[in-house]
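The structure under discussion appears below in the form of structure tokens.
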Amino acid sequence: MGSKDKIARSIALNFPKSKHFYDLFGGGFSMTHYMIENRENCYEYFHYNEIQKSIVDLVKRSINGEYSYERFKPPWV
């Protein structure tokens with residue numbers, strides 16, 4: 001439990017090569033995001049699982065661009 005963002009690369013090195021990547025305890029999406037961005041094991045499909053519906057909705061909205069920097073950029077920056 002907790003952020004895997006800082007150790008994502010070292011965790012990913014232990015995953016087998018496959019077409020599908022399953023993140024069974026997705027949480028804040030850090031592992032799935034890392035695997036999508038780096039594709040170290042050449043995954044084609046990504047499956048994200050999280051028990052809290054609000055987090056899943058947040059991830060979906062983020063992927064769809066609802067929280068882009070351009071949309072929320074403060075006017076003084």
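Residue numbering restarts at 1 in every chain; chains get A, B, ... in the order shown in the structure tokens, and ligands count up from 1 in that same order.
By only C-alpha atoms, and with residues fewer than 5 positions from range 11-17 of chain A along its chain excluded, the set lying at most 10 Å from it is Lys4, Asp5, Lys6, Met31, Thr32, Tyr34, Met35, Asn38, Arg39, Glu40, Asn41, Cys42 and Tyr43 of chain A.
Going from CA of Phe25 in chain A over to CA of Ile51 in chain A, you cover 8.2 Å.
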Write out as a PDB file with all heavy atoms, in the first residue's frame which residues come within 12 Å of range 62-68 of chain A when counting only C-alpha atoms, dropping same-chain ones fewer than 6 positions away.
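So the final result, stored in out_7.pdb, reads:
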```
ATOM      1  N   GLY A  28      -3.536   4.407  -7.288  1.00  0.00           N
ATOM      2  CA  GLY A  28      -3.380   5.689  -7.974  1.00  0.00           C
ATOM      3  C   GLY A  28      -2.902   5.607  -9.400  1.00  0.00           C
ATOM      4  O   GLY A  28      -2.525   6.610  -9.995  1.00  0.00           O
ATOM      5  N   PHE A  29      -2.877   4.410 -10.007  1.00  0.00           N
ATOM      6  CA  PHE A  29      -2.584   4.218 -11.431  1.00  0.00           C
ATOM      7  C   PHE A  29      -1.091   4.300 -11.752  1.00  0.00           C
ATOM      8  O   PHE A  29      -0.706   4.282 -12.906  1.00  0.00           O
ATOM      9  CB  PHE A  29      -3.374   5.242 -12.257  1.00  0.00           C
ATOM     10  CG  PHE A  29      -3.524   4.914 -13.721  1.00  0.00           C
ATOM     11  CD1 PHE A  29      -4.241   3.806 -14.129  1.00  0.00           C
ATOM     12  CD2 PHE A  29      -2.967   5.718 -14.684  1.00  0.00           C
ATOM     13  CE1 PHE A  29      -4.389   3.521 -15.469  1.00  0.00           C
ATOM     14  CE2 PHE A  29      -3.114   5.440 -16.028  1.00  0.00           C
ATOM     15  CZ  PHE A  29      -3.824   4.336 -16.425  1.00  0.00           C
ATOM     16  N   THR A  32       0.341   1.057 -13.774  1.00  0.00           N
ATOM     17  CA  THR A  32      -0.217   0.978 -15.125  1.00  0.00           C
ATOM     18  C   THR A  32       0.301   2.132 -15.970  1.00  0.00           C
ATOM     19  O   THR A  32       0.691   1.940 -17.125  1.00  0.00           O
ATOM     20  CB  THR A  32      -1.754   0.981 -15.088  1.00  0.00           C
ATOM     21  OG1 THR A  32      -2.197  -0.079 -14.251  1.00  0.00           O
ATOM     22  CG2 THR A  32      -2.336   0.801 -16.476  1.00  0.00           C
ATOM     23  N   HIS A  33       0.345   3.314 -15.412  1.00  0.00           N
ATOM     24  CA  HIS A  33       0.855   4.465 -16.142  1.00  0.00           C
ATOM     25  C   HIS A  33       2.307   4.254 -16.544  1.00  0.00           C
ATOM     26  O   HIS A  33       2.706   4.517 -17.679  1.00  0.00           O
ATOM     27  CB  HIS A  33       0.731   5.734 -15.291  1.00  0.00           C
ATOM     28  CG  HIS A  33       1.222   6.955 -15.980  1.00  0.00           C
ATOM     29  ND1 HIS A  33       2.451   7.499 -15.715  1.00  0.00           N
ATOM     30  CD2 HIS A  33       0.646   7.723 -16.930  1.00  0.00           C
ATOM     31  CE1 HIS A  33       2.622   8.561 -16.475  1.00  0.00           C
ATOM     32  NE2 HIS A  33       1.539   8.711 -17.221  1.00  0.00           N
ATOM     33  N   ILE A  36       2.465   1.739 -19.408  1.00  0.00           N
ATOM     34  CA  ILE A  36       2.000   2.321 -20.673  1.00  0.00           C
ATOM     35  C   ILE A  36       3.069   3.230 -21.257  1.00  0.00           C
ATOM     36  O   ILE A  36       3.365   3.180 -22.451  1.00  0.00           O
ATOM     37  CB  ILE A  36       0.676   3.090 -20.462  1.00  0.00           C
ATOM     38  CG1 ILE A  36      -0.466   2.122 -20.180  1.00  0.00           C
ATOM     39  CG2 ILE A  36       0.355   3.959 -21.680  1.00  0.00           C
ATOM     40  CD1 ILE A  36      -1.743   2.790 -19.710  1.00  0.00           C
ATOM     41  N   ILE A  55     -11.906   6.565  -7.665  1.00  0.00           N
ATOM     42  CA  ILE A  55     -10.550   6.607  -8.219  1.00  0.00           C
ATOM     43  C   ILE A  55     -10.555   6.139  -9.668  1.00  0.00           C
ATOM     44  O   ILE A  55      -9.887   6.728 -10.524  1.00  0.00           O
ATOM     45  CB  ILE A  55      -9.580   5.761  -7.365  1.00  0.00           C
ATOM     46  CG1 ILE A  55      -9.441   6.394  -5.987  1.00  0.00           C
ATOM     47  CG2 ILE A  55      -8.228   5.634  -8.044  1.00  0.00           C
ATOM     48  CD1 ILE A  55      -8.585   5.624  -5.013  1.00  0.00           C
ATOM     49  N   VAL A  56     -11.320   5.093  -9.962  1.00  0.00           N
ATOM     50  CA  VAL A  56     -11.431   4.614 -11.338  1.00  0.00           C
ATOM     51  C   VAL A  56     -11.995   5.721 -12.232  1.00  0.00           C
ATOM     52  O   VAL A  56     -11.491   5.965 -13.332  1.00  0.00           O
ATOM     53  CB  VAL A  56     -12.306   3.346 -11.419  1.00  0.00           C
ATOM     54  CG1 VAL A  56     -12.532   2.922 -12.862  1.00  0.00           C
ATOM     55  CG2 VAL A  56     -11.677   2.219 -10.622  1.00  0.00           C
ATOM     56  N   PRO A  74      -3.352  28.168 -14.464  1.00  0.00           N
ATOM     57  CA  PRO A  74      -3.689  29.466 -13.853  1.00  0.00           C
ATOM     58  C   PRO A  74      -3.324  30.615 -14.803  1.00  0.00           C
ATOM     59  O   PRO A  74      -2.336  30.531 -15.531  1.00  0.00           O
ATOM     60  CB  PRO A  74      -2.821  29.515 -12.596  1.00  0.00           C
ATOM     61  CG  PRO A  74      -2.392  28.129 -12.347  1.00  0.00           C
ATOM     62  CD  PRO A  74      -2.373  27.435 -13.673  1.00  0.00           C
TER      63      PRO A  74
END
```
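Selecting strand (DSSP E or B) from the backbone DSSP output for chain A yields His20, Phe21, Tyr22, Asp23, Tyr45, Phe46, His47 and Tyr48 of chain A.
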Check your understanding: When you draw a straight line from CA of Asn49 in chain A to CA of Phe21 in chain A, how long is it in Å?
Key -> 11.0 Å
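We find CA of His47 in chain A and CA of His20 in chain A to be spaced 7.4 Å apart.
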